[in-house]
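All remarks here apply to the structure that follows.
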Amino acid sequence: MQVSFSKTYSMPSSSHRPLQAQKKTAAVGPPIDDVRLSEAANPKLKSFQPNHSDIYKSALRLSATLASLNIPSAIAGGLAVTAHGYQRSTRDVDVVLTPDGLEKLQTEGLGRGISERYKGSRNLKDTISKVDIDVILTTDKPVAVPHPETSSVTNPDGLKVLSLPSLIELKLSTASPERKKDIKDVSGLIWANELDADFAALLDPSVRERFLELVEAEKNRWA
């Protein structure tokens with residue numbers, strides 16, 4: 001399957017190589033990380049209209065606590081999907097942290113509206129709303145979880161969420177027959193953001209083919 005590289009995203013000429021192998025000094029255009037965090041790559045983020053549910057409020061409180069502790073973080077899961085334009089329900093908050101960030105949160109952040117889900121658990125609970133908070137670590141395997149410090153964008157409420165390219169990569173890398181909702185989420189994001197094959201240039205090569213298949217499926221569905 002051929003990937004079409006669009007000038008819409010002002011990609012560097014080296015964008016056909018794996019993301020890890022790119023050298024910013026050799027790029028003709030903006031560094032790929034900058035492009036992935038740009039408004040063009042996250043078209044629906046600024047128009048996000050929150051429903052101010054308990055889950056969303058929990059995410060805002062969590063994000064504020066993490067920021068006050070200087071812990072890099074990014075909201076993932078259903079809230080991030082919704083923030084990028086595809087409205088769907090969710091029952092919890094998913095947050096991406098580094099192992100060091102989680103350790104700091106456990107030592108300095110517990111008791112500030114956050115508690116362990118149960119003793120010794122890395123997952124948390126909002127003590128005000130009782131909403132569950134699931135922690136995704138950057139070291140989780142076998143998928144490559146994006147680093148929150150270089151993969152997050154901020155919505156109008158100040159909530160840091162994974163950028164659209166990073167969110168799609170994470171969804172496609174974790175998709176399985178048991179997790180059909182990940183594919184549904186990506187299809188919904190393609191539809192909501194009117195993404196086409198050119199967007200594949202922003203994604204890691206490991207997920208491009210699957211993304212292009214979903215783009216084609218969405219195109220056929222609405223033809």
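Ordered as shown in the structure tokens, chains take letters A, B, and onward, while each chain numbers its residues from 1 and ligands are numbered from 1 in the order shown.
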Run DSSP on the backbone and give me the residues of region 25-223 of chain A it puts in strand (DSSP E), as a PDB file with all heavy atoms, in the first residue's frame.
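Written file, part.pdb:
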ATOM      1  N   ALA A  74      -0.179  12.988  30.054  1.00  0.00           N
ATOM      2  CA  ALA A  74      -1.089  13.208  28.931  1.00  0.00           C
ATOM      3  C   ALA A  74      -2.291  12.292  29.110  1.00  0.00           C
ATOM      4  O   ALA A  74      -2.132  11.100  29.392  1.00  0.00           O
ATOM      5  CB  ALA A  74      -0.401  12.926  27.598  1.00  0.00           C
ATOM      6  N   ILE A  75      -3.478  12.858  28.968  1.00  0.00           N
ATOM      7  CA  ILE A  75      -4.695  12.061  29.039  1.00  0.00           C
ATOM      8  C   ILE A  75      -4.837  11.265  27.743  1.00  0.00           C
ATOM      9  O   ILE A  75      -4.623  11.789  26.646  1.00  0.00           O
ATOM     10  CB  ILE A  75      -5.928  12.962  29.252  1.00  0.00           C
ATOM     11  CG1 ILE A  75      -5.814  13.709  30.591  1.00  0.00           C
ATOM     12  CG2 ILE A  75      -7.213  12.143  29.208  1.00  0.00           C
ATOM     13  CD1 ILE A  75      -5.761  12.815  31.818  1.00  0.00           C
ATOM     14  N   ALA A  76      -5.189   9.995  27.891  1.00  0.00           N
ATOM     15  CA  ALA A  76      -5.386   9.118  26.736  1.00  0.00           C
ATOM     16  C   ALA A  76      -6.814   8.571  26.790  1.00  0.00           C
ATOM     17  O   ALA A  76      -7.698   9.178  27.392  1.00  0.00           O
ATOM     18  CB  ALA A  76      -4.345   7.997  26.753  1.00  0.00           C
ATOM     19  N   VAL A  93     -10.681   7.572  33.650  1.00  0.00           N
ATOM     20  CA  VAL A  93      -9.657   8.470  33.115  1.00  0.00           C
ATOM     21  C   VAL A  93      -8.405   7.643  32.857  1.00  0.00           C
ATOM     22  O   VAL A  93      -7.947   6.910  33.740  1.00  0.00           O
ATOM     23  CB  VAL A  93      -9.334   9.606  34.114  1.00  0.00           C
ATOM     24  CG1 VAL A  93      -8.184  10.466  33.594  1.00  0.00           C
ATOM     25  CG2 VAL A  93     -10.566  10.456  34.379  1.00  0.00           C
ATOM     26  N   ASP A  94      -7.865   7.740  31.652  1.00  0.00           N
ATOM     27  CA  ASP A  94      -6.593   7.089  31.320  1.00  0.00           C
ATOM     28  C   ASP A  94      -5.521   8.165  31.225  1.00  0.00           C
ATOM     29  O   ASP A  94      -5.711   9.169  30.525  1.00  0.00           O
ATOM     30  CB  ASP A  94      -6.686   6.352  29.985  1.00  0.00           C
ATOM     31  CG  ASP A  94      -7.668   5.196  30.038  1.00  0.00           C
ATOM     32  OD1 ASP A  94      -7.481   4.309  30.884  1.00  0.00           O
ATOM     33  OD2 ASP A  94      -8.629   5.192  29.249  1.00  0.00           O
ATOM     34  N   VAL A  95      -4.403   7.952  31.905  1.00  0.00           N
ATOM     35  CA  VAL A  95      -3.333   8.948  31.882  1.00  0.00           C
ATOM     36  C   VAL A  95      -1.997   8.269  31.611  1.00  0.00           C
ATOM     37  O   VAL A  95      -1.710   7.196  32.139  1.00  0.00           O
ATOM     38  CB  VAL A  95      -3.283   9.740  33.215  1.00  0.00           C
ATOM     39  CG1 VAL A  95      -2.975   8.831  34.403  1.00  0.00           C
ATOM     40  CG2 VAL A  95      -2.286  10.886  33.129  1.00  0.00           C
ATOM     41  N   VAL A  96      -1.199   8.891  30.748  1.00  0.00           N
ATOM     42  CA  VAL A  96       0.136   8.388  30.428  1.00  0.00           C
ATOM     43  C   VAL A  96       1.147   9.080  31.337  1.00  0.00           C
ATOM     44  O   VAL A  96       1.186  10.313  31.419  1.00  0.00           O
ATOM     45  CB  VAL A  96       0.499   8.651  28.952  1.00  0.00           C
ATOM     46  CG1 VAL A  96       1.924   8.180  28.664  1.00  0.00           C
ATOM     47  CG2 VAL A  96      -0.488   7.954  28.025  1.00  0.00           C
ATOM     48  N   LEU A  97       1.955   8.269  32.020  1.00  0.00           N
ATOM     49  CA  LEU A  97       3.006   8.773  32.899  1.00  0.00           C
ATOM     50  C   LEU A  97       4.302   8.014  32.642  1.00  0.00           C
ATOM     51  O   LEU A  97       4.280   6.898  32.121  1.00  0.00           O
ATOM     52  CB  LEU A  97       2.623   8.585  34.374  1.00  0.00           C
ATOM     53  CG  LEU A  97       1.360   9.269  34.903  1.00  0.00           C
ATOM     54  CD1 LEU A  97       1.090   8.815  36.334  1.00  0.00           C
ATOM     55  CD2 LEU A  97       1.501  10.781  34.841  1.00  0.00           C
ATOM     56  N   ILE A 114      -6.495  12.334  45.342  1.00  0.00           N
ATOM     57  CA  ILE A 114      -6.143  11.098  44.643  1.00  0.00           C
ATOM     58  C   ILE A 114      -5.726  10.050  45.661  1.00  0.00           C
ATOM     59  O   ILE A 114      -5.019  10.362  46.625  1.00  0.00           O
ATOM     60  CB  ILE A 114      -4.977  11.328  43.659  1.00  0.00           C
ATOM     61  CG1 ILE A 114      -5.327  12.412  42.643  1.00  0.00           C
ATOM     62  CG2 ILE A 114      -4.608  10.028  42.938  1.00  0.00           C
ATOM     63  CD1 ILE A 114      -4.141  12.855  41.814  1.00  0.00           C
ATOM     64  N   SER A 115      -6.155   8.817  45.441  1.00  0.00           N
ATOM     65  CA  SER A 115      -5.719   7.713  46.292  1.00  0.00           C
ATOM     66  C   SER A 115      -5.375   6.518  45.419  1.00  0.00           C
ATOM     67  O   SER A 115      -5.741   6.466  44.240  1.00  0.00           O
ATOM     68  CB  SER A 115      -6.820   7.323  47.289  1.00  0.00           C
ATOM     69  OG  SER A 115      -7.930   6.751  46.606  1.00  0.00           O
ATOM     70  N   GLU A 116      -4.660   5.552  45.982  1.00  0.00           N
ATOM     71  CA  GLU A 116      -4.432   4.298  45.274  1.00  0.00           C
ATOM     72  C   GLU A 116      -5.764   3.576  45.106  1.00  0.00           C
ATOM     73  O   GLU A 116      -6.627   3.645  45.986  1.00  0.00           O
ATOM     74  CB  GLU A 116      -3.472   3.402  46.059  1.00  0.00           C
ATOM     75  CG  GLU A 116      -2.045   3.899  46.123  1.00  0.00           C
ATOM     76  CD  GLU A 116      -1.154   2.961  46.914  1.00  0.00           C
ATOM     77  OE1 GLU A 116      -1.597   2.512  47.991  1.00  0.00           O
ATOM     78  OE2 GLU A 116      -0.029   2.679  46.470  1.00  0.00           O
ATOM     79  N   LEU A 124      -5.281   4.447  40.148  1.00  0.00           N
ATOM     80  CA  LEU A 124      -5.680   5.414  41.159  1.00  0.00           C
ATOM     81  C   LEU A 124      -7.189   5.619  41.172  1.00  0.00           C
ATOM     82  O   LEU A 124      -7.914   5.070  40.345  1.00  0.00           O
ATOM     83  CB  LEU A 124      -4.974   6.751  40.877  1.00  0.00           C
ATOM     84  CG  LEU A 124      -3.454   6.678  40.668  1.00  0.00           C
ATOM     85  CD1 LEU A 124      -2.930   7.965  40.054  1.00  0.00           C
ATOM     86  CD2 LEU A 124      -2.754   6.384  41.987  1.00  0.00           C
ATOM     87  N   LYS A 125      -7.626   6.425  42.120  1.00  0.00           N
ATOM     88  CA  LYS A 125      -9.038   6.787  42.207  1.00  0.00           C
ATOM     89  C   LYS A 125      -9.145   8.246  42.630  1.00  0.00           C
ATOM     90  O   LYS A 125      -8.392   8.716  43.489  1.00  0.00           O
ATOM     91  CB  LYS A 125      -9.776   5.894  43.212  1.00  0.00           C
ATOM     92  CG  LYS A 125     -11.286   6.152  43.269  1.00  0.00           C
ATOM     93  CD  LYS A 125     -11.979   5.182  44.196  1.00  0.00           C
ATOM     94  CE  LYS A 125     -12.111   3.804  43.588  1.00  0.00           C
ATOM     95  NZ  LYS A 125     -13.088   3.772  42.461  1.00  0.00           N
ATOM     96  N   ASP A 126     -10.065   8.958  41.996  1.00  0.00           N
ATOM     97  CA  ASP A 126     -10.380  10.322  42.403  1.00  0.00           C
ATOM     98  C   ASP A 126     -11.241  10.224  43.660  1.00  0.00           C
ATOM     99  O   ASP A 126     -12.338   9.659  43.625  1.00  0.00           O
ATOM    100  CB  ASP A 126     -11.139  11.034  41.275  1.00  0.00           C
ATOM    101  CG  ASP A 126     -11.431  12.494  41.582  1.00  0.00           C
ATOM    102  OD1 ASP A 126     -11.904  12.788  42.697  1.00  0.00           O
ATOM    103  OD2 ASP A 126     -11.206  13.337  40.701  1.00  0.00           O
ATOM    104  N   ASP A 132     -12.423   6.088  38.565  1.00  0.00           N
ATOM    105  CA  ASP A 132     -11.176   5.339  38.458  1.00  0.00           C
ATOM    106  C   ASP A 132     -10.212   6.038  37.500  1.00  0.00           C
ATOM    107  O   ASP A 132     -10.627   6.599  36.475  1.00  0.00           O
ATOM    108  CB  ASP A 132     -11.435   3.921  37.944  1.00  0.00           C
ATOM    109  CG  ASP A 132     -12.069   3.029  39.000  1.00  0.00           C
ATOM    110  OD1 ASP A 132     -11.967   3.361  40.201  1.00  0.00           O
ATOM    111  OD2 ASP A 132     -12.664   2.007  38.624  1.00  0.00           O
ATOM    112  N   ILE A 133      -8.931   5.976  37.841  1.00  0.00           N
ATOM    113  CA  ILE A 133      -7.873   6.537  37.003  1.00  0.00           C
ATOM    114  C   ILE A 133      -6.910   5.411  36.657  1.00  0.00           C
ATOM    115  O   ILE A 133      -6.277   4.828  37.543  1.00  0.00           O
ATOM    116  CB  ILE A 133      -7.120   7.666  37.738  1.00  0.00           C
ATOM    117  CG1 ILE A 133      -8.083   8.799  38.113  1.00  0.00           C
ATOM    118  CG2 ILE A 133      -5.968   8.191  36.882  1.00  0.00           C
ATOM    119  CD1 ILE A 133      -7.492   9.813  39.086  1.00  0.00           C
ATOM    120  N   ASP A 134      -6.828   5.073  35.380  1.00  0.00           N
ATOM    121  CA  ASP A 134      -5.929   4.012  34.922  1.00  0.00           C
ATOM    122  C   ASP A 134      -4.632   4.629  34.418  1.00  0.00           C
ATOM    123  O   ASP A 134      -4.653   5.552  33.586  1.00  0.00           O
ATOM    124  CB  ASP A 134      -6.572   3.194  33.800  1.00  0.00           C
ATOM    125  CG  ASP A 134      -7.733   2.347  34.304  1.00  0.00           C
ATOM    126  OD1 ASP A 134      -7.772   2.056  35.515  1.00  0.00           O
ATOM    127  OD2 ASP A 134      -8.600   1.989  33.491  1.00  0.00           O
ATOM    128  N   VAL A 135      -3.513   4.118  34.910  1.00  0.00           N
ATOM    129  CA  VAL A 135      -2.198   4.646  34.550  1.00  0.00           C
ATOM    130  C   VAL A 135      -1.586   3.798  33.443  1.00  0.00           C
ATOM    131  O   VAL A 135      -1.500   2.573  33.555  1.00  0.00           O
ATOM    132  CB  VAL A 135      -1.266   4.677  35.775  1.00  0.00           C
ATOM    133  CG1 VAL A 135       0.145   5.104  35.364  1.00  0.00           C
ATOM    134  CG2 VAL A 135      -1.816   5.624  36.840  1.00  0.00           C
ATOM    135  N   ILE A 136      -1.176   4.460  32.372  1.00  0.00           N
ATOM    136  CA  ILE A 136      -0.430   3.825  31.286  1.00  0.00           C
ATOM    137  C   ILE A 136       1.006   4.315  31.397  1.00  0.00           C
ATOM    138  O   ILE A 136       1.249   5.526  31.384  1.00  0.00           O
ATOM    139  CB  ILE A 136      -1.006   4.215  29.907  1.00  0.00           C
ATOM    140  CG1 ILE A 136      -2.490   3.866  29.820  1.00  0.00           C
ATOM    141  CG2 ILE A 136      -0.220   3.542  28.781  1.00  0.00           C
ATOM    142  CD1 ILE A 136      -3.189   4.466  28.608  1.00  0.00           C
ATOM    143  N   LEU A 137       1.943   3.393  31.536  1.00  0.00           N
ATOM    144  CA  LEU A 137       3.343   3.784  31.681  1.00  0.00           C
ATOM    145  C   LEU A 137       4.056   3.767  30.332  1.00  0.00           C
ATOM    146  O   LEU A 137       3.763   2.933  29.469  1.00  0.00           O
ATOM    147  CB  LEU A 137       4.066   2.856  32.652  1.00  0.00           C
ATOM    148  CG  LEU A 137       3.667   2.965  34.125  1.00  0.00           C
ATOM    149  CD1 LEU A 137       4.456   1.957  34.954  1.00  0.00           C
ATOM    150  CD2 LEU A 137       3.904   4.379  34.658  1.00  0.00           C
ATOM    151  N   SER A 152       2.075  15.530  23.918  1.00  0.00           N
ATOM    152  CA  SER A 152       0.798  16.053  24.402  1.00  0.00           C
ATOM    153  C   SER A 152       0.487  17.420  23.808  1.00  0.00           C
ATOM    154  O   SER A 152       1.381  18.198  23.475  1.00  0.00           O
ATOM    155  CB  SER A 152       0.804  16.157  25.934  1.00  0.00           C
ATOM    156  OG  SER A 152       1.763  17.099  26.372  1.00  0.00           O
ATOM    157  N   VAL A 153      -0.803  17.674  23.667  1.00  0.00           N
ATOM    158  CA  VAL A 153      -1.311  18.978  23.248  1.00  0.00           C
ATOM    159  C   VAL A 153      -2.346  19.407  24.283  1.00  0.00           C
ATOM    160  O   VAL A 153      -2.885  18.578  25.016  1.00  0.00           O
ATOM    161  CB  VAL A 153      -1.940  18.915  21.840  1.00  0.00           C
ATOM    162  CG1 VAL A 153      -0.865  18.750  20.780  1.00  0.00           C
ATOM    163  CG2 VAL A 153      -2.949  17.773  21.734  1.00  0.00           C
ATOM    164  N   THR A 154      -2.624  20.692  24.343  1.00  0.00           N
ATOM    165  CA  THR A 154      -3.495  21.220  25.394  1.00  0.00           C
ATOM    166  C   THR A 154      -4.804  21.719  24.811  1.00  0.00           C
ATOM    167  O   THR A 154      -4.804  22.490  23.848  1.00  0.00           O
ATOM    168  CB  THR A 154      -2.791  22.367  26.146  1.00  0.00           C
ATOM    169  OG1 THR A 154      -1.527  21.902  26.629  1.00  0.00           O
ATOM    170  CG2 THR A 154      -3.630  22.834  27.326  1.00  0.00           C
ATOM    171  N   LYS A 160      -4.147  18.509  29.198  1.00  0.00           N
ATOM    172  CA  LYS A 160      -3.161  17.935  28.294  1.00  0.00           C
ATOM    173  C   LYS A 160      -3.609  16.541  27.866  1.00  0.00           C
ATOM    174  O   LYS A 160      -3.827  15.668  28.703  1.00  0.00           O
ATOM    175  CB  LYS A 160      -1.792  17.854  28.968  1.00  0.00           C
ATOM    176  CG  LYS A 160      -1.085  19.191  29.080  1.00  0.00           C
ATOM    177  CD  LYS A 160       0.348  19.017  29.541  1.00  0.00           C
ATOM    178  CE  LYS A 160       1.102  20.333  29.489  1.00  0.00           C
ATOM    179  NZ  LYS A 160       2.520  20.164  29.878  1.00  0.00           N
ATOM    180  N   VAL A 161      -3.736  16.355  26.565  1.00  0.00           N
ATOM    181  CA  VAL A 161      -4.118  15.055  26.014  1.00  0.00           C
ATOM    182  C   VAL A 161      -3.079  14.640  24.986  1.00  0.00           C
ATOM    183  O   VAL A 161      -2.315  15.472  24.482  1.00  0.00           O
ATOM    184  CB  VAL A 161      -5.517  15.108  25.354  1.00  0.00           C
ATOM    185  CG1 VAL A 161      -6.568  15.553  26.354  1.00  0.00           C
ATOM    186  CG2 VAL A 161      -5.516  16.031  24.141  1.00  0.00           C
ATOM    187  N   LEU A 162      -3.034  13.353  24.680  1.00  0.00           N
ATOM    188  CA  LEU A 162      -2.140  12.899  23.624  1.00  0.00           C
ATOM    189  C   LEU A 162      -2.498  13.589  22.313  1.00  0.00           C
ATOM    190  O   LEU A 162      -3.677  13.786  22.005  1.00  0.00           O
ATOM    191  CB  LEU A 162      -2.246  11.383  23.439  1.00  0.00           C
ATOM    192  CG  LEU A 162      -1.549  10.492  24.471  1.00  0.00           C
ATOM    193  CD1 LEU A 162      -1.785   9.030  24.122  1.00  0.00           C
ATOM    194  CD2 LEU A 162      -0.054  10.781  24.559  1.00  0.00           C
TER     195      LEU A 162
END
Exercise for the section: Write out as a list in words the residues lying within 7 Å of region 50-66 of chain A, counting only C-alpha atoms and excluding same-chain residues fewer than 5 positions away. Expected result: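 Contacts, with the query itself left out: Ile71, Asp92, Val93, Asp126, Ser129, Val131 and Leu159 of chain A.
Going from CA of Ser89 (chain A) to CA of Thr174 (chain A) covers 19.2 Å.
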Non-local contacts of Arg221 (chain A) (12 Å; only C-alpha atoms; under 6 positions in same chain excluded) as a PDB file with N, CA, C and O atoms, in the first residue's frame:
ATOM      1  N   SER A 187     -11.332   4.722  13.611  1.00  0.00           N
ATOM      2  CA  SER A 187     -12.265   4.994  12.509  1.00  0.00           C
ATOM      3  C   SER A 187     -13.069   6.258  12.794  1.00  0.00           C
ATOM      4  O   SER A 187     -13.283   7.090  11.898  1.00  0.00           O
ATOM      5  N   TRP A 191     -13.058   9.828  10.695  1.00  0.00           N
ATOM      6  CA  TRP A 191     -14.288  10.477  10.225  1.00  0.00           C
ATOM      7  C   TRP A 191     -14.428  11.889  10.791  1.00  0.00           C
ATOM      8  O   TRP A 191     -14.673  12.846  10.050  1.00  0.00           O
ATOM      9  N   LEU A 214      -8.022   1.618   7.234  1.00  0.00           N
ATOM     10  CA  LEU A 214      -9.190   2.212   7.887  1.00  0.00           C
ATOM     11  C   LEU A 214      -9.661   3.466   7.155  1.00  0.00           C
ATOM     12  O   LEU A 214     -10.862   3.735   7.077  1.00  0.00           O
ATOM     13  N   VAL A 215      -8.722   4.238   6.617  1.00  0.00           N
ATOM     14  CA  VAL A 215      -9.092   5.402   5.808  1.00  0.00           C
ATOM     15  C   VAL A 215      -9.905   4.955   4.598  1.00  0.00           C
ATOM     16  O   VAL A 215     -10.943   5.538   4.265  1.00  0.00           O
TER      17      VAL A 215
END
Exercise for the section: Work out how far CA of Phe48 (chain A) is from CA of Asn155 (chain A), in Å to one decimal. Expected result: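 Here the two named atoms are 7.2 Å from each other.
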Practice task
Report the distance between CA of Val186 (chain A) and CA of Ala144 (chain A) in Å, rounded to one decimal place.
Solution key: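 Separation of CA of Val186 (chain A) and CA of Ala144 (chain A): 17.0 Å.
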Handout entry: Residue among A:Gly77, A:Pro142, A:Gly101, A:Gly109 lying closest to Ser163 (chain A), counting only C-alpha atoms
Key =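 Between A:Gly77, A:Pro142, A:Gly101, A:Gly109, the residue approaching Ser163 (chain A) most closely is A:Gly77.
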Exercise for the section: as a list in words, please: all residues of region 134-192 of chain A that backbone DSSP puts in alpha helix (DSSP H). Expected result: Pro148, Glu149, Thr150, Ser151, Leu164, Pro165, Ser166, Leu167, Ile168, Glu169, Leu170, Lys171, Leu172, Ser173, Thr174, Lys180, Lys181, Asp182, Ile183, Lys184, Asp185, Val186, Ser187, Gly188, Leu189, Ile190, Trp191 and Ala192 of chain A
Write out, as a tab-separated table (two decimals), in the first residue's frame, the residues just selected, with N, CA, C and O atoms.
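Result file selection_25.tsv:
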chain	number	residue	atom	x	y	z
A	148	PRO	N	4.81	11.51	27.40
A	148	PRO	CA	3.84	12.61	27.52
A	148	PRO	C	4.44	14.00	27.31
A	148	PRO	O	3.76	14.92	26.86
A	149	GLU	N	5.72	14.15	27.62
A	149	GLU	CA	6.34	15.47	27.51
A	149	GLU	C	6.48	15.93	26.07
A	149	GLU	O	6.45	17.13	25.78
A	150	THR	N	6.60	14.97	25.15
A	150	THR	CA	6.81	15.33	23.74
A	150	THR	C	5.63	14.94	22.86
A	150	THR	O	5.69	15.10	21.64
A	151	SER	N	4.55	14.43	23.47
A	151	SER	CA	3.43	13.92	22.67
A	151	SER	C	2.08	14.49	23.09
A	151	SER	O	1.05	13.98	22.68
A	164	LEU	N	-3.15	13.92	18.34
A	164	LEU	CA	-3.91	13.00	17.49
A	164	LEU	C	-3.02	11.93	16.86
A	164	LEU	O	-3.38	10.74	16.90
A	165	PRO	N	-1.84	12.27	16.31
A	165	PRO	CA	-0.98	11.20	15.78
A	165	PRO	C	-0.58	10.19	16.85
A	165	PRO	O	-0.60	8.97	16.62
A	166	SER	N	-0.21	10.67	18.04
A	166	SER	CA	0.21	9.76	19.11
A	166	SER	C	-0.95	8.89	19.59
A	166	SER	O	-0.77	7.71	19.89
A	167	LEU	N	-2.13	9.48	19.68
A	167	LEU	CA	-3.31	8.73	20.11
A	167	LEU	C	-3.65	7.63	19.11
A	167	LEU	O	-3.92	6.48	19.50
A	168	ILE	N	-3.60	7.95	17.83
A	168	ILE	CA	-3.90	6.95	16.80
A	168	ILE	C	-2.84	5.84	16.82
A	168	ILE	O	-3.17	4.66	16.72
A	169	GLU	N	-1.58	6.21	16.98
A	169	GLU	CA	-0.53	5.20	17.06
A	169	GLU	C	-0.75	4.26	18.24
A	169	GLU	O	-0.63	3.03	18.11
A	170	LEU	N	-1.08	4.83	19.39
A	170	LEU	CA	-1.30	4.00	20.58
A	170	LEU	C	-2.50	3.08	20.38
A	170	LEU	O	-2.45	1.89	20.72
A	171	LYS	N	-3.57	3.62	19.81
A	171	LYS	CA	-4.77	2.81	19.57
A	171	LYS	C	-4.49	1.66	18.61
A	171	LYS	O	-4.92	0.53	18.83
A	172	LEU	N	-3.78	1.95	17.53
A	172	LEU	CA	-3.52	0.91	16.53
A	172	LEU	C	-2.52	-0.12	17.04
A	172	LEU	O	-2.59	-1.29	16.66
A	173	SER	N	-1.60	0.29	17.89
A	173	SER	CA	-0.61	-0.66	18.39
A	173	SER	C	-1.18	-1.57	19.48
A	173	SER	O	-0.62	-2.64	19.75
A	174	THR	N	-2.29	-1.15	20.10
A	174	THR	CA	-2.91	-1.99	21.13
A	174	THR	C	-4.14	-2.73	20.62
A	174	THR	O	-4.70	-3.56	21.33
A	180	LYS	N	-11.75	-4.34	20.20
A	180	LYS	CA	-12.30	-3.80	18.95
A	180	LYS	C	-12.60	-2.31	19.05
A	180	LYS	O	-12.66	-1.61	18.05
A	181	LYS	N	-12.78	-1.83	20.29
A	181	LYS	CA	-13.10	-0.41	20.44
A	181	LYS	C	-11.94	0.48	19.99
A	181	LYS	O	-12.17	1.63	19.60
A	182	ASP	N	-10.71	-0.04	20.03
A	182	ASP	CA	-9.58	0.77	19.57
A	182	ASP	C	-9.69	1.05	18.07
A	182	ASP	O	-9.42	2.17	17.62
A	183	ILE	N	-10.06	0.04	17.30
A	183	ILE	CA	-10.25	0.24	15.87
A	183	ILE	C	-11.44	1.17	15.62
A	183	ILE	O	-11.38	2.06	14.76
A	184	LYS	N	-12.51	0.98	16.38
A	184	LYS	CA	-13.67	1.86	16.24
A	184	LYS	C	-13.30	3.30	16.56
A	184	LYS	O	-13.76	4.23	15.89
A	185	ASP	N	-12.47	3.48	17.58
A	185	ASP	CA	-12.03	4.84	17.94
A	185	ASP	C	-11.25	5.48	16.80
A	185	ASP	O	-11.46	6.65	16.46
A	186	VAL	N	-10.32	4.73	16.21
A	186	VAL	CA	-9.52	5.29	15.12
A	186	VAL	C	-10.41	5.61	13.92
A	186	VAL	O	-10.27	6.67	13.30
A	187	SER	N	-11.33	4.72	13.61
A	187	SER	CA	-12.26	4.99	12.51
A	187	SER	C	-13.07	6.26	12.79
A	187	SER	O	-13.28	7.09	11.90
A	188	GLY	N	-13.50	6.40	14.05
A	188	GLY	CA	-14.25	7.60	14.42
A	188	GLY	C	-13.41	8.86	14.33
A	188	GLY	O	-13.89	9.92	13.90
A	189	LEU	N	-12.14	8.76	14.70
A	189	LEU	CA	-11.24	9.92	14.61
A	189	LEU	C	-10.97	10.28	13.15
A	189	LEU	O	-10.86	11.47	12.81
A	190	ILE	N	-10.85	9.28	12.30
A	190	ILE	CA	-10.66	9.53	10.87
A	190	ILE	C	-11.86	10.29	10.32
A	190	ILE	O	-11.72	11.28	9.60
A	191	TRP	N	-13.06	9.83	10.70
A	191	TRP	CA	-14.29	10.48	10.23
A	191	TRP	C	-14.43	11.89	10.79
A	191	TRP	O	-14.67	12.85	10.05
A	192	ALA	N	-14.25	12.04	12.10
A	192	ALA	CA	-14.47	13.33	12.75
A	192	ALA	C	-13.48	14.39	12.29
A	192	ALA	O	-13.82	15.58	12.18
Exercise for the section: Find, counting only C-alpha atoms, the residue in A:Thr138, A:Ser73, A:Gln106, A:Ser38 that gets nearest to Gly120 (chain A). Expected result: A:Gln106
Exercise for the section: Could you check which of A:Asp198, A:Asp157, A:Glu216, A:Glu178 is closest to Lys46 (chain A), using only C-alpha atoms? Expected result: A:Asp157
Problem - Which of A:Asp100, A:Asp204, A:Glu108, A:Asp196 sits closest to Lys219 (chain A) [using only C-alpha atoms] - result: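 Of all the options, A:Asp196 lies closest to Lys219 (chain A).
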